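Visitor: So that you have it, the file is data.txt, and it contains compact mmCIF, C-alpha atoms and all ligand atoms:
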# COMPACT_ATOMS: atom_id res chain seq x y z
CA MET A 1 -14.57 5.00 1.60
CA GLN A 2 -13.39 6.60 -1.66
CA ARG A 3 -9.92 5.45 -2.69
CA GLY A 4 -7.33 8.19 -2.94
CA PHE A 5 -5.09 8.84 -5.92
CA PHE A 6 -1.64 7.36 -6.45
CA ILE A 7 0.99 9.28 -8.46
CA THR A 8 4.58 8.14 -9.00
CA LEU A 9 7.58 9.98 -10.41
CA GLU A 10 10.19 8.01 -12.29
CA GLY A 11 13.39 8.66 -14.19
CA LEU A 12 17.11 8.13 -14.29
CA ASP A 13 19.32 9.46 -11.50
CA GLY A 14 19.75 13.17 -12.14
CA SER A 15 16.50 13.59 -14.06
CA GLY A 16 15.27 16.23 -11.61
CA LYS A 17 12.54 14.09 -9.99
CA THR A 18 13.12 15.28 -6.46
CA THR A 19 12.87 18.97 -7.39
CA GLN A 20 9.72 18.29 -9.39
CA ILE A 21 8.08 16.33 -6.55
CA LYS A 22 8.64 19.28 -4.20
CA ARG A 23 7.16 21.72 -6.71
CA LEU A 24 4.20 19.48 -7.47
CA ALA A 25 3.51 19.02 -3.74
CA ALA A 26 3.58 22.81 -3.26
CA TRP A 27 1.23 23.26 -6.24
CA MET A 28 -1.21 20.77 -4.71
CA GLU A 29 -1.03 22.33 -1.26
CA LYS A 30 -1.98 25.69 -2.75
CA ARG A 31 -5.08 24.03 -4.18
CA HIS A 32 -6.02 22.51 -0.81
CA LEU A 33 -5.01 19.01 -1.92
CA PRO A 34 -2.05 18.34 0.40
CA PRO A 35 -0.42 15.11 -0.76
CA THR A 36 1.29 12.36 1.23
CA VAL A 37 4.86 12.39 -0.10
CA THR A 38 7.17 9.39 0.12
CA ARG A 39 10.12 7.84 -1.68
CA GLN A 40 11.78 4.52 -2.46
CA PRO A 41 14.06 3.21 -1.22
CA GLY A 42 13.39 4.83 2.17
CA GLY A 43 10.32 6.64 3.45
CA THR A 44 9.83 4.49 6.56
CA THR A 45 12.07 3.73 9.56
CA THR A 46 12.76 0.27 8.16
CA GLY A 47 13.23 1.64 4.64
CA ASP A 48 15.71 4.25 5.88
CA ARG A 49 17.78 1.35 7.24
CA ILE A 50 17.52 -0.59 3.99
CA ARG A 51 18.45 2.46 1.85
CA PRO A 52 22.15 2.69 2.84
CA LEU A 53 22.57 -1.07 2.28
CA LEU A 54 21.44 -0.49 -1.30
CA LEU A 55 23.04 2.85 -2.12
CA ASP A 56 26.32 3.06 -0.22
CA SER A 57 29.18 2.35 -2.60
CA ARG A 58 30.84 0.29 0.13
CA SER A 59 28.02 -2.29 -0.33
CA THR A 60 30.13 -4.27 -2.76
CA GLY A 61 29.21 -7.62 -4.24
CA LEU A 62 25.42 -7.34 -3.79
CA ALA A 63 23.93 -10.02 -6.03
CA PRO A 64 21.30 -8.61 -8.43
CA MET A 65 18.64 -10.87 -6.85
CA THR A 66 19.55 -9.56 -3.37
CA GLU A 67 19.33 -6.00 -4.64
CA MET A 68 15.90 -6.67 -6.15
CA ALA A 69 14.66 -8.44 -3.02
CA LEU A 70 15.76 -5.51 -0.85
CA MET A 71 13.94 -3.07 -3.16
CA PHE A 72 10.76 -5.12 -2.73
CA ALA A 73 11.27 -5.45 1.03
CA ASP A 74 11.49 -1.68 1.24
CA ARG A 75 8.43 -1.28 -0.99
CA ALA A 76 6.29 -3.74 0.97
CA GLN A 77 7.00 -1.72 4.11
CA THR A 78 6.17 1.62 2.47
CA ILE A 79 2.93 0.24 1.07
CA ALA A 80 1.89 -1.16 4.46
CA GLU A 81 2.94 1.86 6.51
CA VAL A 82 2.40 4.85 4.23
CA ILE A 83 0.82 4.32 0.82
CA GLN A 84 -2.14 2.04 1.50
CA PRO A 85 -3.30 3.84 4.65
CA ALA A 86 -3.15 7.18 2.82
CA LEU A 87 -5.07 5.82 -0.18
CA ASP A 88 -7.63 4.25 2.13
CA ALA A 89 -8.08 7.66 3.76
CA GLY A 90 -8.83 9.15 0.31
CA LYS A 91 -5.53 11.07 0.05
CA ILE A 92 -3.30 11.78 -2.92
CA VAL A 93 0.03 9.95 -2.64
CA LEU A 94 3.15 11.23 -4.42
CA CYS A 95 5.89 8.61 -4.50
CA ASP A 96 9.45 9.23 -5.70
CA ARG A 97 10.06 5.90 -7.56
CA PHE A 98 8.04 2.69 -7.40
CA THR A 99 8.06 -0.70 -9.17
CA ASP A 100 8.86 0.85 -12.57
CA SER A 101 12.27 1.65 -11.06
CA THR A 102 12.80 -2.00 -10.20
CA GLU A 103 11.75 -3.05 -13.68
CA ALA A 104 14.07 -0.44 -15.26
CA TYR A 105 17.12 -0.86 -12.97
CA GLN A 106 17.01 -4.52 -11.92
CA GLY A 107 14.94 -5.85 -14.84
CA GLY A 108 16.72 -3.75 -17.49
CA GLY A 109 19.99 -2.52 -15.96
CA ARG A 110 20.87 -5.76 -14.15
CA GLU A 111 19.25 -7.81 -16.92
CA LEU A 112 16.94 -9.82 -14.64
CA GLY A 113 14.10 -9.19 -17.10
CA SER A 114 10.64 -7.72 -16.63
CA GLU A 115 8.79 -10.95 -15.93
CA ILE A 116 10.27 -11.66 -12.50
CA VAL A 117 9.80 -8.04 -11.41
CA LEU A 118 6.15 -7.98 -12.45
CA GLU A 119 5.52 -11.36 -10.80
CA LEU A 120 7.09 -10.21 -7.52
CA HIS A 121 5.08 -7.01 -7.75
CA ARG A 122 1.92 -9.09 -8.02
CA LEU A 123 2.88 -11.35 -5.10
CA ILE A 124 4.47 -8.82 -2.74
CA CYS A 125 2.69 -5.57 -3.59
CA GLY A 126 -0.76 -6.98 -4.44
CA ASN A 127 -0.21 -5.49 -7.90
CA LEU A 128 -0.84 -1.98 -6.55
CA THR A 129 -0.70 0.17 -9.70
CA PRO A 130 -0.23 3.94 -9.79
CA ASP A 131 -3.10 5.94 -11.30
CA LEU A 132 -0.52 8.15 -12.97
CA THR A 133 3.22 7.87 -13.54
CA LEU A 134 5.28 10.86 -14.62
CA LEU A 135 8.41 9.63 -16.31
CA LEU A 136 11.16 12.25 -16.66
CA LEU A 137 13.44 11.04 -19.38
CA PRO A 138 15.80 13.67 -20.78
CA SER A 139 18.56 12.46 -23.06
CA LEU A 140 20.73 9.74 -21.62
CA GLU A 141 23.87 11.88 -21.91
CA SER A 142 22.50 14.81 -19.91
CA SER A 143 20.99 12.50 -17.26
CA LEU A 144 24.35 10.81 -16.69
CA ASP A 145 26.16 14.11 -16.40
CA ARG A 146 23.69 15.48 -13.88
CA ALA A 147 23.66 12.28 -11.81
CA ARG A 148 27.43 12.24 -11.42
CA ARG A 149 27.64 15.94 -10.55
CA ARG A 150 24.73 15.68 -8.11
CA ASN A 151 26.29 12.70 -6.39
CA GLU A 152 29.64 14.45 -5.86
CA ARG A 153 27.85 17.46 -4.36
CA HIS A 154 25.66 15.27 -2.14
CA ASN A 155 28.66 13.35 -0.77
CA GLU A 156 30.55 16.57 -0.03
CA GLN A 157 27.60 18.22 1.70
CA THR A 158 26.30 15.31 3.80
CA GLY A 159 29.27 13.00 4.19
CA GLN A 160 26.86 10.23 3.10
CA ASP A 161 27.90 8.07 0.22
CA GLU A 162 24.94 7.15 -2.00
CA GLY A 163 26.97 6.60 -5.14
CA ARG A 164 26.76 2.85 -5.74
CA PHE A 165 24.39 3.15 -8.70
CA GLU A 166 26.11 6.21 -10.16
CA GLN A 167 29.33 4.19 -10.42
CA GLU A 168 27.68 1.94 -12.99
CA GLN A 169 28.89 2.09 -16.56
CA ASP A 170 27.04 3.87 -19.34
CA ALA A 171 25.85 0.54 -20.82
CA PHE A 172 23.93 -0.14 -17.57
CA TYR A 173 22.20 3.24 -17.75
CA ARG A 174 21.41 2.76 -21.43
CA ARG A 175 19.56 -0.46 -20.54
CA VAL A 176 17.69 1.35 -17.72
CA TRP A 177 16.76 4.16 -20.09
CA GLU A 178 15.56 1.73 -22.76
CA LYS A 179 13.50 -0.28 -20.27
CA TYR A 180 11.79 2.91 -19.11
CA ARG A 181 10.85 3.69 -22.71
CA GLU A 182 9.52 0.16 -23.11
CA ILE A 183 7.31 0.57 -20.01
CA ALA A 184 5.98 3.89 -21.36
CA ARG A 185 5.12 2.26 -24.71
CA ARG A 186 3.45 -0.69 -22.99
CA GLU A 187 1.28 1.42 -20.65
CA PRO A 188 0.52 4.69 -22.44
CA ASP A 189 -2.62 5.34 -20.40
CA ARG A 190 -0.75 5.31 -17.09
CA VAL A 191 2.71 6.63 -18.02
CA ILE A 192 3.23 10.20 -19.23
CA LEU A 193 6.69 10.53 -20.72
CA ILE A 194 8.28 13.95 -20.34
CA GLY A 195 11.26 13.82 -22.65
CA GLY A 196 13.71 16.26 -24.14
CA ASN A 197 16.11 18.51 -22.30
CA LEU A 198 13.57 20.90 -20.84
CA GLY A 199 14.12 23.48 -18.12
CA ILE A 200 12.76 23.01 -14.58
CA ASP A 201 9.81 25.37 -15.19
CA GLU A 202 8.80 23.70 -18.46
CA VAL A 203 8.86 20.25 -16.85
CA HIS A 204 6.79 21.56 -13.94
CA GLU A 205 4.21 22.98 -16.36
CA GLN A 206 3.91 19.68 -18.20
CA ILE A 207 3.56 17.83 -14.90
CA VAL A 208 0.79 20.03 -13.52
CA GLU A 209 -1.06 19.90 -16.82
CA ALA A 210 -1.06 16.08 -16.74
CA VAL A 211 -1.96 15.94 -13.05
CA ALA A 212 -4.79 18.48 -13.38
CA GLU A 213 -6.25 16.54 -16.28
CA VAL A 214 -6.26 13.13 -14.58
CA LEU A 215 -7.54 14.53 -11.28
CA LEU A 216 -10.39 16.23 -13.11
CA THR A 217 -11.26 13.04 -14.99
CA ALA A 218 -11.08 11.03 -11.76
CA ARG A 219 -13.39 13.50 -10.03
CA LYS A 220 -15.89 13.35 -12.92
CA ASN A 221 -15.86 9.55 -12.89
CA GLY A 222 -15.88 9.30 -9.10
P1 LIG B 1 17.17 8.26 -5.66
O1 LIG B 1 16.57 8.18 -4.31
O2 LIG B 1 18.15 9.35 -5.79
O3 LIG B 1 16.17 8.26 -6.74
O4 LIG B 1 18.10 6.97 -5.83
C1 LIG B 1 17.70 5.69 -5.65
C2 LIG B 1 18.60 4.78 -6.46
O5 LIG B 1 18.12 3.44 -6.32
C3 LIG B 1 18.63 5.09 -7.94
O6 LIG B 1 19.94 4.90 -8.45
C4 LIG B 1 17.72 4.03 -8.53
C5 LIG B 1 17.87 2.88 -7.58
N1 LIG B 1 16.67 2.02 -7.50
C6 LIG B 1 16.70 0.76 -8.08
O7 LIG B 1 17.71 0.36 -8.63
N2 LIG B 1 15.58 -0.02 -8.00
C7 LIG B 1 14.44 0.39 -7.36
O8 LIG B 1 13.45 -0.36 -7.30
C8 LIG B 1 14.43 1.71 -6.76
C9 LIG B 1 13.19 2.18 -6.03
C10 LIG B 1 15.56 2.48 -6.85
Please lay out the structure from this file as structure tokens.

Guide:
Amino acid sequence: MQRGFFITLEGLDGSGKTTQIKRLAAWMEKRHLPPTVTRQPGGTTTGDRIRPLLLDSRSTGLAPMTEMALMFADRAQTIAEVIQPALDAGKIVLCDRFTDSTEAYQGGGRELGSEIVLELHRLICGNLTPDLTLLLLPSLESSLDRARRRNERHNEQTGQDEGRFEQEQDAFYRRVWEKYREIARREPDRVILIGGNLGIDEVHEQIVEAVAEVLLTARKNG
């Protein structure tokens, strides 16, 4: 059976990923290409139980290795339950964060380094690599601002506290941001970097342009 197509969205907290995933999914549905949409951490029953362990700011004292292991535990479950079956069925998968997040946040932010993340990805995730990664990377300053404002709103509206990462200092986010840029430089064929402080519509346009192009190429080659 023809393998489907695997697209991931990446970026700092507050980069607008979630809005863009929704718009991209709607764009695909209109073109009769309804995607399977998922996210990390979360996206499965097990993952939705792991997510609060990772994100609740009352989860104090999590060792960086524990944090990374939980991210991979969540990912292994999503691959087994959602991503691989959808790809095997020839579907397009849209995933909000994947292993690039672990490399950026745990490898860069927590300073565990890229090597261990990539090795675990090979061992735990069978090296499953996205066909296309859209990396939303506005300036560090505006990302931080948006993340903190979004988190306050989210906590007020839902009563859920997902602020553990947003409490990190700016130096942590600078390392995450730099690691993302390093990944984009290392894998220019897979990672499309959408930088600058663009509006929601402009980002959406750049995303659909990139997606249309790779889907067309994939169809020609398939
Ligand atoms: P989000 O669902 O709003 O994108 O938030 C998830 C948070 O978890 C975000 O701060 C990034 C962090 N994260 C990691 O640190 N490592 C990972 O591997 C993943 C998937 C997320």

Visitor: Can you tell me, as a list in words, what residues are no more than 10 Å from segment 77-82 of chain A when counting only C-alpha atoms, ignoring any on the same chain fewer than 4 positions away?

Guide: Thr36, Val37, Thr38, Arg39, Gln40, Pro41, Gly42, Gly43, Thr44, Thr45, Thr46, Gly47, Phe72, Ala73, Ala86, Leu87, Val93, Cys95, Ile124, Cys125, Gly126 and Leu128 of chain A

Visitor: All residues within 6 Å of ligand LIG 1 (chain B) are required, counting only C-alpha atoms and all ligand atoms; please report them as a list in words.

Guide: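 The distance check yields Asp13, Gln40, Pro41, Met71, Arg97, Phe98, Thr99, Ser101, Thr102, Tyr105, Gln106 and Phe165 of chain A.
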
Visitor: Leaving out Ser59 of chain A and any residue of its chain fewer than 4 positions from it, which residues lie within 12 Å of it when counting only C-alpha atoms, given as a VMD selection string?

Guide: chain A and resid 50 to 55 63 66 to 67 161 to 165

Visitor: Quick one: what's the axis-aligned box for segment 78-82 of chain A, all listed atoms, 3 Å on every side, centre and edges in Å to one decimal, as lines of an AutoDock Vina configuration file?

Guide:
center_x = 4.0
center_y = 1.8
center_z = 3.8
size_x = 10.3
size_y = 12.0
size_z = 11.4

Visitor: What's the separation between atom CA of Ala210 of chain A and atom CA of Arg146 of chain A, in Å to one decimal place?

Guide: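 One can read the atom CA of Ala210 of chain A to atom CA of Arg146 of chain A distance as 24.9 Å.
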
Visitor: Is it possible to get the residues within 9 Å of (4.9, 2.0, -12.7) (coordinates as in the file, counting only C-alpha atoms) written as a ChimeraX atom specification?

Guide: /A:8-10,97-101,103,129-130,132-133,183-184,187,190-191

Visitor: May I ask which of the residues A:Leu62, A:Leu12, A:Leu144, A:Leu134 is the closest one to Val211 of chain A, counting only C-alpha atoms?

Guide: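 Using only C-alpha atoms, Val211 of chain A sits closest to A:Leu134.
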